[in-house]
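Raw run-v7.txt, compact mmCIF, C-alpha atoms:
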```
# COMPACT_ATOMS: atom_id res chain seq x y z
CA MET A 151 0.00 0.00 0.00
CA GLU A 152 2.66 2.47 0.98
CA HIS A 153 4.56 2.14 -2.25
CA SER A 154 1.45 2.65 -4.34
CA ASP A 155 0.57 5.80 -2.46
CA LYS A 156 3.90 7.23 -3.35
CA HIS A 157 3.88 6.51 -7.07
CA THR A 158 0.29 6.16 -8.13
CA PRO A 159 -2.18 8.49 -6.45
CA HIS A 160 -4.93 7.23 -8.76
CA LEU A 161 -4.73 3.64 -7.61
CA ALA A 162 -7.90 2.74 -5.73
CA HIS A 163 -7.56 0.73 -2.53
CA HIS A 164 -9.18 -2.41 -3.84
CA PHE A 165 -6.72 -2.85 -6.69
CA GLY A 166 -3.30 -4.41 -6.30
CA GLU A 167 -1.59 -2.41 -8.99
CA MET A 168 -2.29 0.09 -11.76
CA GLU A 169 -2.33 -2.53 -14.47
CA GLN A 170 -5.04 -4.51 -12.71
CA GLN A 171 -7.08 -1.36 -12.20
CA ARG A 172 -6.69 -0.32 -15.81
CA GLU A 173 -7.72 -3.72 -17.09
CA SER A 174 -10.73 -3.91 -14.78
CA ALA A 175 -11.93 -0.59 -16.13
CA LYS A 176 -11.37 -1.77 -19.66
CA LEU A 177 -13.26 -5.01 -19.01
CA GLY A 178 -16.26 -3.04 -17.79
CA MET A 179 -16.05 -0.72 -20.79
CA TRP A 180 -15.93 -3.61 -23.25
CA ILE A 181 -18.97 -5.23 -21.66
CA PHE A 182 -20.76 -1.89 -22.05
CA LEU A 183 -19.65 -1.73 -25.69
CA LEU A 184 -21.05 -5.25 -26.17
CA THR A 185 -24.46 -4.00 -25.04
CA GLU A 186 -24.09 -1.04 -27.39
CA ILE A 187 -23.40 -3.37 -30.30
CA LEU A 188 -26.53 -5.33 -29.42
CA LEU A 189 -28.57 -2.14 -29.06
CA PHE A 190 -27.71 -1.13 -32.61
CA GLY A 191 -27.99 -4.81 -33.60
CA GLY A 192 -31.74 -4.63 -33.08
CA LEU A 193 -31.94 -1.76 -35.55
CA PHE A 194 -29.71 -3.59 -38.03
CA ALA A 195 -32.08 -6.57 -37.77
CA ALA A 196 -35.05 -4.28 -38.44
CA TYR A 197 -33.19 -2.91 -41.46
CA ALA A 198 -32.51 -6.44 -42.76
CA ILE A 199 -36.13 -7.55 -42.34
CA TYR A 200 -37.72 -4.55 -44.03
CA ARG A 201 -35.15 -4.51 -46.77
CA ALA A 202 -35.84 -8.19 -47.43
CA TRP A 203 -39.56 -7.49 -47.62
CA ASN A 204 -39.30 -4.32 -49.72
CA PRO A 205 -36.09 -4.55 -51.77
CA ASP A 206 -37.31 -2.32 -54.60
CA MET A 207 -38.77 0.34 -52.33
CA PHE A 208 -35.52 0.42 -50.33
CA TYR A 209 -33.54 0.77 -53.52
CA ASN A 210 -35.71 3.63 -54.77
CA ALA A 211 -35.77 5.40 -51.41
CA HIS A 212 -32.04 5.17 -50.74
CA LYS A 213 -31.36 7.21 -53.87
CA HIS A 214 -32.87 10.17 -52.05
CA LEU A 215 -30.02 10.18 -49.53
CA ASN A 216 -27.10 12.41 -50.45
CA ILE A 217 -24.13 10.16 -51.07
CA TYR A 218 -21.69 13.11 -51.01
CA LEU A 219 -22.80 14.38 -47.62
CA GLY A 220 -22.78 10.82 -46.28
CA GLY A 221 -19.34 10.23 -47.75
CA ILE A 222 -17.93 13.45 -46.30
CA ASN A 223 -19.35 12.49 -42.92
CA THR A 224 -17.66 9.10 -43.18
CA ILE A 225 -14.32 10.76 -43.89
CA VAL A 226 -14.87 13.23 -41.04
CA LEU A 227 -15.72 10.49 -38.55
CA ILE A 228 -12.80 8.27 -39.57
CA SER A 229 -10.43 11.23 -39.26
CA SER A 230 -11.85 12.02 -35.84
CA SER A 231 -11.15 8.44 -34.80
CA VAL A 232 -7.53 8.90 -35.87
CA THR A 233 -7.17 12.11 -33.86
CA MET A 234 -8.83 10.44 -30.86
CA ALA A 235 -6.30 7.60 -31.00
CA LEU A 236 -3.48 10.12 -31.38
CA SER A 237 -4.65 12.12 -28.36
CA ILE A 238 -4.36 8.99 -26.19
CA ARG A 239 -0.97 8.25 -27.70
CA SER A 240 0.17 11.80 -26.89
CA MET A 241 -0.86 11.29 -23.27
CA GLN A 242 1.09 8.02 -23.18
CA LEU A 243 4.07 10.08 -24.30
CA ASN A 244 3.27 12.69 -21.64
CA ASN A 245 2.59 15.46 -24.14
CA LYS A 246 -0.31 17.33 -22.60
CA LYS A 247 -0.49 20.07 -25.23
CA ARG A 248 -0.72 17.62 -28.10
CA THR A 249 -3.33 15.58 -26.20
CA MET A 250 -5.48 18.68 -25.92
CA ALA A 251 -4.92 19.69 -29.52
CA PHE A 252 -5.99 16.26 -30.75
CA LEU A 253 -9.02 16.24 -28.44
CA ILE A 254 -10.08 19.64 -29.78
CA ALA A 255 -9.60 18.40 -33.34
CA THR A 256 -11.79 15.38 -32.56
CA LEU A 257 -14.42 17.62 -31.04
CA LEU A 258 -14.41 19.95 -34.05
CA MET A 259 -14.85 17.05 -36.45
CA ALA A 260 -17.75 15.78 -34.35
CA VAL A 261 -19.31 19.25 -34.74
CA VAL A 262 -18.77 19.12 -38.51
CA PHE A 263 -20.42 15.70 -38.57
CA LEU A 264 -23.49 16.97 -36.73
CA VAL A 265 -23.74 20.14 -38.84
CA ILE A 266 -23.75 18.05 -42.03
CA LYS A 267 -26.29 15.73 -40.42
CA TYR A 268 -28.39 18.77 -39.58
CA PHE A 269 -28.46 19.87 -43.22
CA GLU A 270 -29.41 16.37 -44.32
CA TYR A 271 -32.21 16.16 -41.77
CA HIS A 272 -33.39 19.67 -42.60
CA HIS A 273 -33.64 18.80 -46.28
CA LYS A 274 -35.70 15.71 -45.49
CA PHE A 275 -37.96 17.62 -43.12
CA GLU A 276 -38.64 20.14 -45.89
CA LEU A 277 -39.50 17.43 -48.37
CA GLY A 278 -41.62 15.47 -45.91
CA GLN A 279 -39.38 12.41 -46.10
CA LEU A 280 -40.19 11.63 -42.50
CA PRO A 281 -40.87 8.49 -40.51
CA GLY A 282 -44.26 6.85 -40.18
CA LYS A 283 -47.36 9.00 -40.38
CA TYR A 284 -45.36 12.20 -40.88
CA TYR A 285 -44.25 11.04 -44.29
CA THR A 286 -45.74 13.29 -46.98
CA TYR A 287 -43.30 13.00 -49.88
CA THR A 288 -44.70 11.60 -53.13
CA GLY A 289 -41.68 11.10 -55.34
CA ILE A 290 -40.67 7.56 -54.41
CA GLU A 291 -42.11 4.55 -56.16
CA GLY A 292 -42.94 1.51 -54.12
CA THR A 293 -45.21 0.59 -51.28
CA ASN A 294 -44.86 2.48 -48.01
CA PRO A 295 -41.52 4.24 -48.49
CA HIS A 296 -42.00 5.80 -45.05
CA ILE A 297 -40.58 2.53 -43.69
CA PHE A 298 -37.19 3.33 -45.17
CA PHE A 299 -37.19 6.77 -43.60
CA SER A 300 -38.37 5.41 -40.26
CA ILE A 301 -35.34 3.14 -40.25
CA TYR A 302 -33.06 5.87 -41.58
CA PHE A 303 -34.05 8.32 -38.86
CA MET A 304 -33.97 5.72 -36.10
CA MET A 305 -30.51 4.46 -37.02
CA THR A 306 -28.84 7.78 -37.79
CA GLY A 307 -30.73 9.44 -34.93
CA LEU A 308 -29.53 6.94 -32.34
CA HIS A 309 -26.07 7.22 -33.82
CA GLY A 310 -26.30 11.01 -33.66
CA ILE A 311 -27.25 10.83 -29.98
CA HIS A 312 -24.14 8.74 -29.44
CA VAL A 313 -22.05 11.36 -31.23
CA ILE A 314 -23.46 14.04 -28.92
CA ALA A 315 -22.74 11.87 -25.87
CA GLY A 316 -19.22 11.30 -27.17
CA MET A 317 -18.74 15.06 -27.56
CA GLY A 318 -19.74 15.50 -23.94
CA LEU A 319 -17.21 12.88 -22.89
CA ILE A 320 -14.46 14.45 -25.00
CA THR A 321 -15.20 17.88 -23.49
CA TRP A 322 -14.97 16.34 -20.04
CA MET A 323 -11.66 14.69 -20.93
CA LEU A 324 -10.39 18.02 -22.26
CA ARG A 325 -11.18 19.56 -18.88
CA LYS A 326 -9.48 16.73 -17.02
CA THR A 327 -6.42 17.04 -19.24
CA MET A 328 -6.33 20.77 -18.61
CA LYS A 329 -6.43 20.13 -14.87
CA ASN A 330 -3.46 17.80 -15.14
CA THR A 331 -5.45 14.78 -14.00
CA PHE A 332 -3.77 12.50 -16.50
CA SER A 333 -0.26 11.21 -16.78
CA PRO A 334 1.40 8.37 -18.72
CA GLU A 335 0.65 6.20 -15.67
CA TYR A 336 -3.02 7.15 -15.43
CA TYR A 337 -5.24 8.10 -18.34
CA THR A 338 -7.96 5.44 -18.06
CA PRO A 339 -10.95 7.81 -18.57
CA LEU A 340 -9.31 9.14 -21.72
CA GLU A 341 -8.81 5.62 -23.00
CA MET A 342 -12.44 4.65 -22.23
CA THR A 343 -13.66 7.75 -24.07
CA GLY A 344 -11.50 6.65 -26.99
CA LEU A 345 -13.04 3.16 -27.01
CA TYR A 346 -16.52 4.69 -27.01
CA TRP A 347 -15.67 7.09 -29.80
CA HIS A 348 -14.20 4.32 -31.95
CA LEU A 349 -17.36 2.28 -31.47
CA VAL A 350 -19.45 5.22 -32.66
CA ASP A 351 -17.17 5.41 -35.70
CA MET A 352 -17.49 1.66 -36.26
CA ILE A 353 -21.29 1.83 -36.26
CA TRP A 354 -21.22 4.62 -38.83
CA ILE A 355 -18.91 2.47 -40.96
CA PHE A 356 -21.86 0.06 -41.30
CA LEU A 357 -24.62 2.66 -41.47
CA PHE A 358 -23.09 4.57 -44.36
CA PRO A 359 -22.95 1.74 -46.94
CA LEU A 360 -26.22 0.14 -45.82
CA LEU A 361 -28.28 3.34 -45.97
CA TYR A 362 -26.51 5.54 -48.52
CA LEU A 363 -24.87 3.09 -50.90
CA VAL A 364 -26.89 -0.07 -51.31
CA GLY A 365 -30.17 0.93 -49.73
CA MET B 264 10.36 7.21 -29.19
CA ALA B 265 8.96 6.87 -25.68
CA LYS B 266 11.30 7.27 -22.79
CA GLU B 267 11.82 3.89 -21.21
CA THR B 268 10.16 3.75 -17.84
CA THR B 269 9.81 0.88 -15.44
CA HIS B 270 6.09 1.37 -14.82
CA ASN B 271 3.55 -0.94 -16.38
CA ILE B 272 2.91 1.39 -19.24
CA PRO B 273 0.82 -0.24 -21.93
CA HIS B 274 2.07 -0.69 -25.42
CA ILE B 275 2.42 2.59 -27.30
CA VAL B 276 1.36 2.12 -30.88
CA PRO B 277 3.76 3.75 -33.35
CA LEU B 278 2.45 6.87 -35.05
CA ARG B 279 2.89 5.44 -38.54
CA ILE B 280 0.53 2.55 -37.69
CA TYR B 281 -2.26 4.92 -36.71
CA LEU B 282 -1.73 6.97 -39.85
CA ALA B 283 -1.53 3.88 -42.06
CA VAL B 284 -4.75 2.48 -40.59
CA GLY B 285 -6.45 5.85 -41.03
CA ALA B 286 -5.32 5.98 -44.65
CA ALA B 287 -6.49 2.41 -45.23
CA LEU B 288 -9.91 3.30 -43.79
CA LEU B 289 -10.23 6.30 -46.12
CA ILE B 290 -9.12 4.25 -49.14
CA LEU B 291 -11.63 1.52 -48.29
CA THR B 292 -14.33 4.20 -48.03
CA GLY B 293 -13.42 5.25 -51.57
CA VAL B 294 -13.55 1.62 -52.69
CA THR B 295 -16.96 0.98 -51.20
CA VAL B 296 -18.43 4.15 -52.72
CA THR B 297 -16.95 3.33 -56.14
CA VAL B 298 -18.15 -0.27 -56.13
CA SER B 299 -21.63 0.80 -55.05
CA LEU B 300 -21.91 2.86 -58.25
CA ILE B 301 -21.36 -0.27 -60.36
CA PRO B 302 -24.54 -2.34 -60.54
CA LEU B 303 -23.63 -5.85 -59.45
CA GLY B 304 -27.05 -7.09 -58.42
CA GLY B 305 -27.00 -8.84 -55.09
CA TRP B 306 -23.23 -8.59 -54.92
CA ASN B 307 -23.36 -4.88 -54.15
CA VAL B 308 -24.57 -5.50 -50.63
CA VAL B 309 -22.05 -8.33 -50.20
CA VAL B 310 -19.16 -6.07 -51.23
CA ALA B 311 -20.44 -3.20 -49.10
CA LEU B 312 -20.71 -5.38 -46.00
CA THR B 313 -17.37 -7.08 -46.60
CA VAL B 314 -15.57 -3.75 -46.92
CA ALA B 315 -17.42 -2.43 -43.86
CA ALA B 316 -16.38 -5.52 -41.88
CA ILE B 317 -12.73 -5.05 -42.86
CA LYS B 318 -12.92 -1.40 -41.82
CA ALA B 319 -14.57 -2.31 -38.52
CA LEU B 320 -11.85 -4.88 -37.80
CA LEU B 321 -9.13 -2.31 -38.55
CA VAL B 322 -10.77 0.09 -36.08
CA ALA B 323 -11.17 -2.63 -33.44
CA PHE B 324 -7.68 -4.11 -33.75
CA PHE B 325 -5.65 -0.91 -34.03
CA PHE B 326 -7.64 2.06 -32.72
CA MET B 327 -9.30 0.04 -29.97
CA HIS B 328 -6.04 -1.81 -29.28
CA LEU B 329 -7.54 -5.30 -29.42
CA LEU B 330 -4.37 -6.49 -31.14
CA TYR B 331 -2.17 -5.32 -28.28
CA ASP B 332 -4.39 -5.73 -25.22
CA LYS B 333 -5.21 -8.83 -23.22
CA LYS B 334 -7.18 -11.28 -25.29
CA ILE B 335 -10.16 -11.17 -22.92
CA PHE B 336 -11.29 -7.93 -24.61
CA LEU B 337 -11.07 -9.57 -28.01
CA VAL B 338 -13.18 -12.43 -26.61
CA ILE B 339 -15.87 -9.97 -25.47
CA PHE B 340 -15.87 -8.23 -28.83
CA THR B 341 -16.08 -11.57 -30.64
CA MET B 342 -18.95 -12.59 -28.37
CA ALA B 343 -20.86 -9.46 -29.34
CA VAL B 344 -20.32 -10.20 -33.02
CA ILE B 345 -21.35 -13.86 -32.67
CA ILE B 346 -24.49 -13.02 -30.68
CA LEU B 347 -25.41 -10.40 -33.27
CA ALA B 348 -24.77 -12.84 -36.13
CA ILE B 349 -26.99 -15.51 -34.53
CA PHE B 350 -29.68 -12.93 -33.82
CA ILE B 351 -29.81 -11.55 -37.35
CA THR B 352 -29.28 -14.89 -39.16
CA LEU B 353 -32.06 -16.72 -37.31
CA THR B 354 -34.38 -13.73 -37.66
CA MET B 355 -33.74 -13.67 -41.40
CA PHE B 356 -34.30 -17.43 -41.73
CA ASP B 357 -37.69 -16.93 -40.17
CA THR B 358 -38.47 -13.80 -42.17
CA MET B 359 -37.53 -15.36 -45.51
CA GLU B 360 -38.68 -18.95 -45.05
CA ARG B 361 -41.80 -18.98 -42.92
CA GLY B 362 -43.95 -18.55 -46.03
CA ARG B 363 -43.17 -22.16 -46.97
CA THR B 364 -45.33 -23.55 -44.23
CA ASN B 365 -47.62 -20.60 -43.72
CA PRO B 366 -48.08 -18.57 -46.92
CA GLU B 367 -50.20 -16.01 -45.11
CA GLY B 368 -47.38 -15.29 -42.73
CA ALA B 369 -44.84 -14.74 -45.48
CA ARG B 370 -45.45 -11.03 -45.68
CA PRO B 371 -45.91 -8.47 -42.95
CA PHE B 372 -49.35 -8.52 -41.44
CA LYS B 373 -50.33 -5.08 -42.72
CA ASP B 374 -48.39 -5.31 -45.95
CA LYS B 375 -51.41 -4.46 -48.07
CA ALA B 376 -52.21 -1.40 -46.05
CA ILE B 377 -51.17 1.72 -47.88
CA ILE B 378 -51.06 4.42 -45.32
CA TYR B 379 -51.00 7.39 -47.69
CA GLU B 380 -53.72 6.64 -50.16
CA GLU B 381 -54.63 10.25 -50.79
CA LYS B 382 -51.16 10.89 -52.21
CA LYS B 383 -50.09 10.00 -55.72
CA ALA B 384 -50.95 6.32 -55.74
CA PRO B 385 -47.92 4.38 -54.62
CA ILE B 386 -47.22 1.41 -56.80
CA GLN B 387 -48.47 -1.73 -55.18
CA LYS B 388 -45.92 -4.49 -55.23
CA PRO B 389 -47.25 -7.85 -56.33
CA ASP B 390 -47.48 -10.30 -53.51
CA SER B 391 -44.08 -11.88 -53.64
CA THR B 392 -43.58 -14.62 -51.14
CA GLY B 393 -40.43 -15.90 -52.75
CA GLU B 394 -38.73 -12.53 -52.98
CA THR B 395 -35.14 -12.92 -52.00
CA PHE B 396 -32.82 -10.56 -50.24
CA GLU B 397 -30.62 -10.14 -53.30
CA LYS B 398 -33.33 -9.13 -55.73
CA GLY B 399 -33.25 -5.50 -54.72
CA ARG B 400 -29.87 -5.21 -56.37
```

What does this structure look like when you write it as structure tokens?
Amino acid sequence: MEHSDKHTPHLAHHFGEMEQQRESAKLGMWIFLLTEILLFGGLFAAYAIYRAWNPDMFYNAHKHLNIYLGGINTIVLISSSVTMALSIRSMQLNNKKRTMAFLIATLLMAVVFLVIKYFEYHHKFELGQLPGKYYTYTGIEGTNPHIFFSIYFMMTGLHGIHVIAGMGLITWMLRKTMKNTFSPEYYTPLEMTGLYWHLVDMIWIFLFPLLYLVG
Amino acid sequence: MAKETTHNIPHIVPLRIYLAVGAALLILTGVTVTVSLIPLGGWNVVVALTVAAIKALLVAFFFMHLLYDKKIFLVIFTMAVIILAIFITLTMFDTMERGRTNPEGARPFKDKAIIYEEKKAPIQKPDSTGETFEKGR
């Protein structure tokens, strides 16, 4: 106990050493990510079922999504994942300034993502390409194209909520970094935020082709 | 690169690996967009999902450190993928095949209901019990 107090102020009493503590935190985070995968899994199953039932309608409806905006958002989110990974790496190398710079870059790209998403949503609201009974658009051939937009808004909406949550976490990490909470020995919250952010990126990696590319 | 310390500092991934993985992800995005513009029938969705799976694995192994961390985290991730695969596969077997024994159940219960009749008449799809996943393109 006495040696850990000297070197590692962040070591909680019930852990033997930093490595054990770090790995316990990571285990919990991965189990949470598992539930996240299954949460989105339900929506992916809904997508698969309705696409199987209405392949032509899905194909016609997906052409109304903007492939350029979706593609730019994919690039933005992948780049933000890179900067997130680099911010953790900078903290491992004890470079606080670079950690903060990369976190800010990640945050800015998350903002860009949401702004683009806003324009996409706004466009669809104007046209009445909305879920369920709010659907008023008439330009898509096929039975009940509102189903496609229900699924589109549910999947991208839930993903968008995750992006917003991730932005909150990144802001919090930025604050913690500023307050010198982290060091190369202790940066677990930063690493957990990174895992979460990469998962959000990973989900978009599937959403983009399924919704924008192949419908 | 990193100063050698005696603490249990986890593996620090070299910068060039992060950049290379990032570049690979962007290139694969370009590939998937390009291929989606070529009509390949049912293969479009296969290619799209394969490329997406490769991208997801790159993110998981390098950005999420599954390659470097204890294997227990890889086991949890694999479990999530397997559970999801079972979930979606069995659901799709039911969705696609239940019409064989119960033709009335082959399509959604309210499939015939057109919710927006007052609008320009949507084209009614013929009742297609044998419609396959690939037919959409």

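Proximity ranking of B:Leu329, B:Val308, B:Leu289, B:Ala316 relative to B:Val344 places B:Ala316 first, based on all atoms listed in the file.
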
Which one of A:Pro359, A:Val261, A:Gln170, A:Pro159 sits closest to A:Asn216 if you count all atoms listed in the file?
-> A:Pro359

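The gap separating atom CA of B:Gly293 from atom CA of B:Val314 is 10.4 Å, in Å to one decimal.
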
Show me which bits of chain A are within 7 Å of chain B, counting only C-alpha atoms, as a VMD selection string.
-> chain A and resid 169 177 180 to 181 184 187 to 188 191 195 199 202 205 to 206 209 225 228 to 229 232 235 239 242 to 243 288 291 to 294 335 345 348 352 355 to 356 359 363 to 364

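In this model, the gap between atom CA of A:Ser300 and atom CA of A:Phe190 comes to 14.7 Å.
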
Padding 4 Å on every side, please: axis-aligned box over the listed atoms of stretch 329-332 of chain B, centre and edge lengths to one decimal in Å, as lines of an AutoDock Vina configuration file.
```
center_x = -4.9
center_y = -5.9
center_z = -28.2
size_x = 13.4
size_y = 9.2
size_z = 13.9
```

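With atom CA of A:Gly365 on one side and atom CA of A:Phe208 on the other, the separation reads 5.4 Å.
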